[in-house]
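Student: So I've got this file, input.pdb, and it contains PDB, C-alpha atoms:
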```
ATOM      1  CA  MET A   1     -10.797  99.503  36.343
ATOM      2  CA  VAL A   2     -11.114  95.849  37.297
ATOM      3  CA  ARG A   3     -12.574  94.989  33.900
ATOM      4  CA  VAL A   4      -9.753  96.804  32.060
ATOM      5  CA  LEU A   5      -7.142  94.971  34.165
ATOM      6  CA  CYS A   6      -8.643  91.559  33.285
ATOM      7  CA  VAL A   7      -8.546  92.392  29.565
ATOM      8  CA  CYS A   8      -4.912  93.475  29.822
ATOM      9  CA  LEU A   9      -3.939  90.269  31.608
ATOM     10  CA  ALA A  10      -5.614  88.190  28.918
ATOM     11  CA  VAL A  11      -3.664  90.033  26.206
ATOM     12  CA  VAL A  12      -0.376  89.456  28.062
ATOM     13  CA  CYS A  13      -1.212  85.759  28.399
ATOM     14  CA  VAL A  14      -1.724  85.416  24.631
ATOM     15  CA  MET A  15       1.436  87.359  23.778
ATOM     16  CA  LEU A  16       3.772  85.566  26.209
ATOM     17  CA  ALA A  17       2.423  82.025  26.172
ATOM     18  CA  GLY A  18       0.964  81.744  22.720
ATOM     19  CA  GLY A  19      -2.531  81.520  24.184
ATOM     20  CA  CYS A  20      -3.820  80.376  27.598
ATOM     21  CA  ARG A  21      -4.524  76.623  27.558
ATOM     22  CA  SER A  22      -7.447  75.166  29.458
ATOM     23  CA  THR A  23      -7.002  71.831  31.249
ATOM     24  CA  ALA A  24     -10.634  70.917  30.502
ATOM     25  CA  GLN A  25     -11.218  68.492  27.594
ATOM     26  CA  GLU A  26     -14.145  68.190  25.271
ATOM     27  CA  PRO A  27     -16.304  65.181  26.218
ATOM     28  CA  THR A  28     -15.988  62.211  23.908
ATOM     29  CA  ASP A  29     -17.623  58.816  23.616
ATOM     30  CA  VAL A  30     -14.711  57.190  21.790
ATOM     31  CA  ALA A  31     -11.312  56.632  23.350
ATOM     32  CA  GLY A  32      -8.317  57.836  21.364
ATOM     33  CA  PRO A  33      -5.284  55.736  20.436
ATOM     34  CA  SER A  34      -3.538  54.193  23.390
ATOM     35  CA  VAL A  35      -0.290  52.338  23.921
ATOM     36  CA  GLY A  36       0.304  49.866  26.731
ATOM     37  CA  GLN A  37       3.180  49.849  29.181
ATOM     38  CA  ALA A  38       6.391  49.006  27.323
ATOM     39  CA  ILE A  39       8.047  45.876  28.735
ATOM     40  CA  THR A  40      10.719  43.325  27.880
ATOM     41  CA  CYS A  41      10.294  39.655  27.045
ATOM     42  CA  PRO A  42       9.896  37.010  28.288
ATOM     43  CA  PHE A  43       6.732  38.333  29.920
ATOM     44  CA  THR A  44       4.659  36.045  32.114
ATOM     45  CA  VAL A  45       0.899  35.630  32.173
ATOM     46  CA  TYR A  46       1.005  32.788  34.716
ATOM     47  CA  SER A  47       3.899  30.933  36.326
ATOM     48  CA  GLU A  48       2.421  29.887  39.662
ATOM     49  CA  TRP A  49      -0.215  31.096  42.071
ATOM     50  CA  GLY A  50       0.587  34.399  43.745
ATOM     51  CA  SER A  51       3.748  35.038  41.728
ATOM     52  CA  ALA A  52       4.797  38.663  41.328
ATOM     53  CA  GLU A  53       5.691  37.742  37.735
ATOM     54  CA  ASN A  54       2.056  37.053  36.804
ATOM     55  CA  HIS A  55       0.281  39.584  34.574
ATOM     56  CA  PHE A  56      -3.301  39.826  33.310
ATOM     57  CA  VAL A  57      -6.185  38.552  35.456
ATOM     58  CA  PRO A  58      -8.778  35.856  34.566
ATOM     59  CA  GLU A  59     -11.854  38.055  35.020
ATOM     60  CA  GLY A  60     -13.463  37.884  31.576
ATOM     61  CA  TRP A  61     -15.860  34.995  32.066
ATOM     62  CA  MET A  62     -18.301  34.403  29.205
ATOM     63  CA  GLY A  63     -20.963  31.985  28.063
ATOM     64  CA  ASP A  64     -22.287  29.525  30.650
ATOM     65  CA  VAL A  65     -20.149  30.775  33.527
ATOM     66  CA  ALA A  66     -21.962  28.549  36.034
ATOM     67  CA  ASP A  67     -20.653  25.533  34.110
ATOM     68  CA  VAL A  68     -17.027  26.424  34.932
ATOM     69  CA  ALA A  69     -14.988  25.648  38.052
ATOM     70  CA  PHE A  70     -11.676  27.514  38.089
ATOM     71  CA  ASP A  71      -8.685  27.034  40.400
ATOM     72  CA  ASP A  72      -5.390  28.836  39.737
ATOM     73  CA  ASN A  73      -3.662  27.248  42.748
ATOM     74  CA  HIS A  74      -4.292  23.592  42.041
ATOM     75  CA  LYS A  75      -1.807  21.118  43.547
ATOM     76  CA  LEU A  76      -1.410  18.582  40.763
ATOM     77  CA  ASP A  77       1.894  16.803  41.443
ATOM     78  CA  PRO A  78       5.315  17.505  42.986
ATOM     79  CA  GLU A  79       6.770  18.624  39.664
ATOM     80  CA  ARG A  80       4.008  21.188  39.137
ATOM     81  CA  PRO A  81       2.731  22.073  42.613
ATOM     82  CA  SER A  82       0.718  25.100  41.441
ATOM     83  CA  VAL A  83      -1.186  25.013  38.141
ATOM     84  CA  ILE A  84      -4.475  26.230  36.689
ATOM     85  CA  ARG A  85      -7.315  23.702  36.698
ATOM     86  CA  ILE A  86     -10.461  24.393  34.660
ATOM     87  CA  GLN A  87     -13.451  22.080  34.821
ATOM     88  CA  TYR A  88     -16.246  22.504  32.285
ATOM     89  CA  THR A  89     -19.575  20.736  32.871
ATOM     90  CA  PRO A  90     -21.962  21.624  30.032
ATOM     91  CA  SER A  91     -25.513  22.278  31.188
ATOM     92  CA  GLY A  92     -26.279  25.909  30.312
ATOM     93  CA  SER A  93     -28.226  27.270  27.364
ATOM     94  CA  ALA A  94     -25.287  29.049  25.685
ATOM     95  CA  GLN A  95     -23.506  25.691  25.276
ATOM     96  CA  PHE A  96     -20.069  27.266  25.505
ATOM     97  CA  ALA A  97     -17.838  28.905  28.097
ATOM     98  CA  GLY A  98     -14.587  30.807  28.191
ATOM     99  CA  ILE A  99     -12.311  33.116  30.155
ATOM    100  CA  TYR A 100     -10.272  36.145  29.110
ATOM    101  CA  TRP A 101      -7.152  37.083  31.054
ATOM    102  CA  TRP A 102      -7.077  40.892  30.801
ATOM    103  CA  ASP A 103      -5.418  44.026  32.118
ATOM    104  CA  PRO A 104      -6.163  46.015  34.194
ATOM    105  CA  ALA A 105      -7.975  44.188  36.957
ATOM    106  CA  GLY A 106     -11.560  45.394  36.833
ATOM    107  CA  GLY A 107     -11.174  46.223  33.134
ATOM    108  CA  ASN A 108     -14.808  45.216  32.493
ATOM    109  CA  TRP A 109     -14.522  44.162  28.858
ATOM    110  CA  ALA A 110     -12.138  46.960  27.823
ATOM    111  CA  GLU A 111     -14.177  49.738  29.405
ATOM    112  CA  VAL A 112     -11.019  50.682  31.354
ATOM    113  CA  ASP A 113      -7.741  51.254  29.516
ATOM    114  CA  GLY A 114      -4.579  49.393  30.450
ATOM    115  CA  GLY A 115      -2.594  46.603  28.872
ATOM    116  CA  PHE A 116       1.019  46.257  27.793
ATOM    117  CA  ASP A 117       3.211  46.987  24.811
ATOM    118  CA  LEU A 118       4.322  43.473  23.898
ATOM    119  CA  SER A 119       6.136  44.372  20.700
ATOM    120  CA  CYS A 120       9.100  42.393  22.060
ATOM    121  CA  ALA A 121       7.181  39.126  21.642
ATOM    122  CA  LYS A 122       7.266  36.795  18.682
ATOM    123  CA  LYS A 123       5.112  34.105  20.267
ATOM    124  CA  LEU A 124       3.063  33.082  23.273
ATOM    125  CA  THR A 125       3.796  29.661  24.732
ATOM    126  CA  PHE A 126       1.901  27.651  27.319
ATOM    127  CA  TRP A 127       1.792  24.154  28.729
ATOM    128  CA  ALA A 128      -1.476  22.224  28.795
ATOM    129  CA  ARG A 129      -2.902  18.755  29.324
ATOM    130  CA  GLY A 130      -6.230  17.061  29.833
ATOM    131  CA  GLU A 131      -7.208  14.933  32.784
ATOM    132  CA  ARG A 132      -7.906  11.883  30.619
ATOM    133  CA  GLY A 133      -6.820  12.969  27.140
ATOM    134  CA  GLY A 134      -9.057  13.970  24.247
ATOM    135  CA  GLU A 135     -10.368  17.142  25.885
ATOM    136  CA  LYS A 136     -10.823  19.915  23.314
ATOM    137  CA  ALA A 137     -10.291  23.641  23.762
ATOM    138  CA  GLU A 138      -9.237  26.780  21.918
ATOM    139  CA  PHE A 139      -6.695  29.317  23.166
ATOM    140  CA  LYS A 140      -6.268  32.920  22.009
ATOM    141  CA  VAL A 141      -4.305  36.156  22.315
ATOM    142  CA  GLY A 142      -5.856  39.598  21.788
ATOM    143  CA  GLY A 143      -9.212  40.421  20.248
ATOM    144  CA  LEU A 144     -10.715  42.254  23.222
ATOM    145  CA  ARG A 145     -12.794  45.231  22.108
ATOM    146  CA  GLY A 146     -14.818  47.793  24.093
ATOM    147  CA  THR A 147     -14.429  51.497  24.721
ATOM    148  CA  TYR A 148     -10.751  50.636  24.307
ATOM    149  CA  GLN A 149      -9.451  47.732  22.283
ATOM    150  CA  CYS A 150      -6.487  45.474  21.757
ATOM    151  CA  SER A 151      -4.165  46.460  18.955
ATOM    152  CA  LEU A 152      -4.339  42.793  17.916
ATOM    153  CA  GLN A 153      -7.607  42.396  15.995
ATOM    154  CA  PRO A 154      -8.990  39.841  15.536
ATOM    155  CA  ALA A 155      -7.594  37.483  18.147
ATOM    156  CA  VAL A 156      -4.893  35.035  17.085
ATOM    157  CA  SER A 157      -6.053  31.523  17.952
ATOM    158  CA  THR A 158      -4.777  27.981  18.136
ATOM    159  CA  GLY A 159      -8.095  26.798  16.769
ATOM    160  CA  PRO A 160      -9.697  23.853  18.571
ATOM    161  CA  ILE A 161      -7.031  21.422  19.735
ATOM    162  CA  ALA A 162      -7.331  18.035  21.403
ATOM    163  CA  LEU A 163      -5.214  17.747  24.539
ATOM    164  CA  THR A 164      -3.425  14.617  25.691
ATOM    165  CA  GLU A 165      -3.143  13.325  29.241
ATOM    166  CA  SER A 166       0.524  14.324  29.261
ATOM    167  CA  TRP A 167       1.906  17.843  29.454
ATOM    168  CA  ALA A 168       2.725  19.420  26.086
ATOM    169  CA  GLN A 169       3.852  22.912  25.147
ATOM    170  CA  TYR A 170       1.796  24.860  22.627
ATOM    171  CA  THR A 171       2.710  28.004  20.698
ATOM    172  CA  ILE A 172       0.712  30.888  19.260
ATOM    173  CA  ALA A 173       2.852  32.654  16.639
ATOM    174  CA  LEU A 174       2.821  36.455  16.946
ATOM    175  CA  ASP A 175       5.788  37.571  14.846
ATOM    176  CA  GLY A 176       4.904  40.690  12.852
ATOM    177  CA  LYS A 177       1.591  41.228  14.666
ATOM    178  CA  PRO A 178       0.572  44.619  16.150
ATOM    179  CA  LEU A 179       1.264  44.059  19.839
ATOM    180  CA  ASP A 180       1.723  47.615  21.143
ATOM    181  CA  HIS A 181      -1.536  47.635  23.149
ATOM    182  CA  ILE A 182      -2.501  44.174  24.412
ATOM    183  CA  LEU A 183      -5.411  44.237  26.853
ATOM    184  CA  SER A 184      -6.180  40.508  26.681
ATOM    185  CA  GLY A 185      -3.066  38.413  27.048
ATOM    186  CA  PHE A 186      -4.704  34.993  26.985
ATOM    187  CA  ALA A 187      -8.078  33.317  26.577
ATOM    188  CA  TRP A 188      -9.556  29.835  26.870
ATOM    189  CA  VAL A 189     -12.786  28.773  25.139
ATOM    190  CA  THR A 190     -14.623  25.474  24.854
ATOM    191  CA  SER A 191     -18.107  24.229  24.066
ATOM    192  CA  LYS A 192     -20.592  21.431  24.567
ATOM    193  CA  VAL A 193     -20.074  20.364  20.956
ATOM    194  CA  GLN A 194     -16.358  19.905  21.604
ATOM    195  CA  ASN A 195     -16.828  18.281  25.034
ATOM    196  CA  PRO A 196     -20.347  16.800  25.311
ATOM    197  CA  GLU A 197     -19.404  14.954  28.500
ATOM    198  CA  GLY A 198     -17.466  17.876  29.942
ATOM    199  CA  ALA A 199     -13.740  18.348  30.372
ATOM    200  CA  VAL A 200     -11.017  19.014  32.909
ATOM    201  CA  ILE A 201      -7.870  20.720  31.649
ATOM    202  CA  TYR A 202      -4.680  21.998  33.266
ATOM    203  CA  LEU A 203      -2.558  25.003  32.259
ATOM    204  CA  ASP A 204       0.859  26.211  33.350
ATOM    205  CA  ASP A 205       3.755  28.499  32.371
ATOM    206  CA  ILE A 206       1.901  30.902  30.082
ATOM    207  CA  ARG A 207       4.278  33.551  28.735
ATOM    208  CA  PHE A 208       5.167  35.843  25.854
ATOM    209  CA  GLU A 209       8.602  35.078  24.434
ATOM    210  CA  PRO A 210      11.007  36.913  22.084
TER     211      PRO A 210
END
```
Render the structure in this file as structure tokens.

Tutor:
Amino acid sequence: MVRVLCVCLAVVCVMLAGGCRSTAQEPTDVAGPSVGQAITCPFTVYSEWGSAENHFVPEGWMGDVADVAFDDNHKLDPERPSVIRIQYTPSGSAQFAGIYWWDPAGGNWAEVDGGFDLSCAKKLTFWARGERGGEKAEFKVGGLRGTYQCSLQPAVSTGPIALTESWAQYTIALDGKPLDHILSGFAWVTSKVQNPEGAVIYLDDIRFEP
């Protein structure tokens, strides 16, 4: 009797619900398409230390990480009391270093999904300067790839640029780019070839703009 009742219930389930759906999913090694949180622009990566407006975290250290000293609450001057200071002292075997700002915190090179839909943006702007002038660095948006990946592939880059000792605003053009799933909102990279004696640079007001 019990067995007959179970069969009848299964038939009713199929007839009334179009089939009983299991919540279990087949295991997979490849993540499916994903879209980040939709937001509006301007959208800030960094404005000042501890700001609730900041997004993405500078956790993606690469290359000779021991050659980098990083401070995102550096007191530079009264006009910019909280900026990012990065000091690069080349001594490691990789002869380069860099940092990705990514989302979410703990994303571990895109092994955890997150990010933002930045389709509202046409550009990323940031302010930068060197301590003495002549320091060289490259700055990027997107390009992060792991179990999940940025919709922006490959990264869009400034190419190597030489900074001056005065603040200047730089722009990375993004108009028409696929920005619906941005895991890595910003990146800095430099090398021993570009800065054989090392370099100190400052960054501020990093944001996506319409």

Student: Could you pull the residues within 10 Å of Thr171 in chain A, counting only C-alpha atoms, minus those fewer than 2 positions along the same chain, as a ChimeraX atom specification?

Tutor: /A:123-127,139,157-158,169,173-174,206-209

Student: Assuming the chain letters and numbering stay as they are in my file, what does the PyMOL selection byres ((chain A and resi 159) around 12) actually select? List them as a PyMOL selection string.

Tutor: chain A and resi 136-141+155-158+160-162+170-172+187-190+194

Student: Output C-alpha atoms for every residue in the selection just made, as a PDB file, in the coordinates of the input.

Tutor:
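out_22.pdb written:
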```pdb
ATOM      1  CA  LYS A 136     -10.823  19.915  23.314  1.00  0.00           C
ATOM      2  CA  ALA A 137     -10.291  23.641  23.762  1.00  0.00           C
ATOM      3  CA  GLU A 138      -9.237  26.780  21.918  1.00  0.00           C
ATOM      4  CA  PHE A 139      -6.695  29.317  23.166  1.00  0.00           C
ATOM      5  CA  LYS A 140      -6.268  32.920  22.009  1.00  0.00           C
ATOM      6  CA  VAL A 141      -4.305  36.156  22.315  1.00  0.00           C
ATOM      7  CA  ALA A 155      -7.594  37.483  18.147  1.00  0.00           C
ATOM      8  CA  VAL A 156      -4.893  35.035  17.085  1.00  0.00           C
ATOM      9  CA  SER A 157      -6.053  31.523  17.952  1.00  0.00           C
ATOM     10  CA  THR A 158      -4.777  27.981  18.136  1.00  0.00           C
ATOM     11  CA  PRO A 160      -9.697  23.853  18.571  1.00  0.00           C
ATOM     12  CA  ILE A 161      -7.031  21.422  19.735  1.00  0.00           C
ATOM     13  CA  ALA A 162      -7.331  18.035  21.403  1.00  0.00           C
ATOM     14  CA  TYR A 170       1.796  24.860  22.627  1.00  0.00           C
ATOM     15  CA  THR A 171       2.710  28.004  20.698  1.00  0.00           C
ATOM     16  CA  ILE A 172       0.712  30.888  19.260  1.00  0.00           C
ATOM     17  CA  ALA A 187      -8.078  33.317  26.577  1.00  0.00           C
ATOM     18  CA  TRP A 188      -9.556  29.835  26.870  1.00  0.00           C
ATOM     19  CA  VAL A 189     -12.786  28.773  25.139  1.00  0.00           C
ATOM     20  CA  THR A 190     -14.623  25.474  24.854  1.00  0.00           C
ATOM     21  CA  GLN A 194     -16.358  19.905  21.604  1.00  0.00           C
TER      22      GLN A 194
END
```

Student: Once the PyMOL selection byres ((chain A and resi 84) around 8) is applied to the coordinates I shared, what remains selected? I want it as a list in words.

Tutor: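 Evaluating the PyMOL selection byres ((chain A and resi 84) around 8) on this file yields Phe70, Asp71, Asp72, Asn73, His74, Ser82, Val83, Arg85, Ile86, Tyr202, Leu203 and Asp204 of chain A.
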
Student: Leaving out Ser93 in chain A and any residue of its chain fewer than 2 positions from it, which residues lie within 9 Å of it when counting all atoms listed in the file, given as a list in words?

Tutor: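 Contacts, in chain order: Gly63, Asp64, Pro90, Ser91, Gln95 and Phe96 of chain A.
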
Student: Work out how far CA of Phe43 in chain A is from CA of Glu135 in chain A, in Å to one decimal.

Tutor: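 According to the coordinates, CA of Glu135 in chain A and CA of Phe43 in chain A are separated by 27.5 Å.
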
Student: Identify, on the basis of only C-alpha atoms, every residue whose closest approach to Cys150 in chain A does not exceed 6 Å; exclude the query and any residue fewer than 6 positions from it along the same chain; express the result as a PyMOL selection string.

Tutor: chain A and resi 142-144+181-183

Student: Work out how far apart CA of Gly185 in chain A and CA of Val68 in chain A are and give it in Å to one decimal.

Tutor: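 Those two atoms sit 20.0 Å apart.
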
Student: Got a sec to resolve the PyMOL selection byres ((chain A and resi 57) around 8) on this structure and send the residues as a list of chain:residue names?

Tutor: A:His55, A:Phe56, A:Pro58, A:Glu59, A:Tyr100, A:Trp101, A:Trp102, A:Asp103, A:Pro104, A:Ala105

Student: For Arg145 in chain A, which of A:Phe186, A:Trp109, A:Phe116, A:Trp49 is the closest residue, counting all atoms listed in the file?

Tutor: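 That would be A:Trp109, the residue with the smallest distance to Arg145 in chain A.
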
Student: Report, in Å to a single decimal, how far apart CA of Ile201 in chain A and CA of Glu131 in chain A are.

Tutor: 5.9 Å

Student: Which residue is closest to Gly146 in chain A? Choose from A:Asp67, A:Glu79, A:Ala110, A:Trp61 and count all atoms listed in the file.

Tutor: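 Of the candidates, the smallest distance to Gly146 in chain A is held by A:Ala110.
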
Student: When you count only C-alpha atoms, which of these residues is closest to Ser119 in chain A: A:Leu163, A:Pro78, A:Ser151, A:Ser184?

Tutor: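 Going through A:Leu163, A:Pro78, A:Ser151, A:Ser184 one by one, the smallest distance to Ser119 in chain A is for A:Ser151.
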
Student: Hey, could you pull the box centre and edge lengths for range 138-154 of chain A, axis-aligned, 8 Å padding per side, all listed atoms, to one decimal in Å, as lines of an AutoDock Vina configuration file?

Tutor:
```
center_x = -9.5
center_y = 39.1
center_z = 20.1
size_x = 26.7
size_y = 40.7
size_z = 25.2
```

Student: Identify which of the residues A:Cys120, A:Ala52, A:Leu76, A:Ala97 lies closest to Trp167 in chain A, counting all atoms listed in the file when measuring atom-to-atom distances.

Tutor: A:Leu76

Student: For Pro196 in chain A, which of A:Gly92, A:Gly98, A:Pro210, A:Pro81 is the closest residue, counting all atoms listed in the file?

Tutor: A:Gly92

Student: Of the residues A:Val112, A:Ala121, A:Val45, A:Ala69, which is the one nearest to Pro178 in chain A, using only C-alpha atoms?

Tutor: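 Checking each of A:Val112, A:Ala121, A:Val45, A:Ala69 against Pro178 in chain A, counting only C-alpha atoms, the winner is A:Ala121.
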
Student: Show me, as a list in words, the residues that have an atom within 7 Å of Asp117 in chain A when counting all atoms listed in the file, minus same-chain residues fewer than 2 positions from it.

Tutor: Val35, Gly36, Gln37, Ala38, Ile39, Ser119, Leu179, Asp180, His181 and Ile182 of chain A
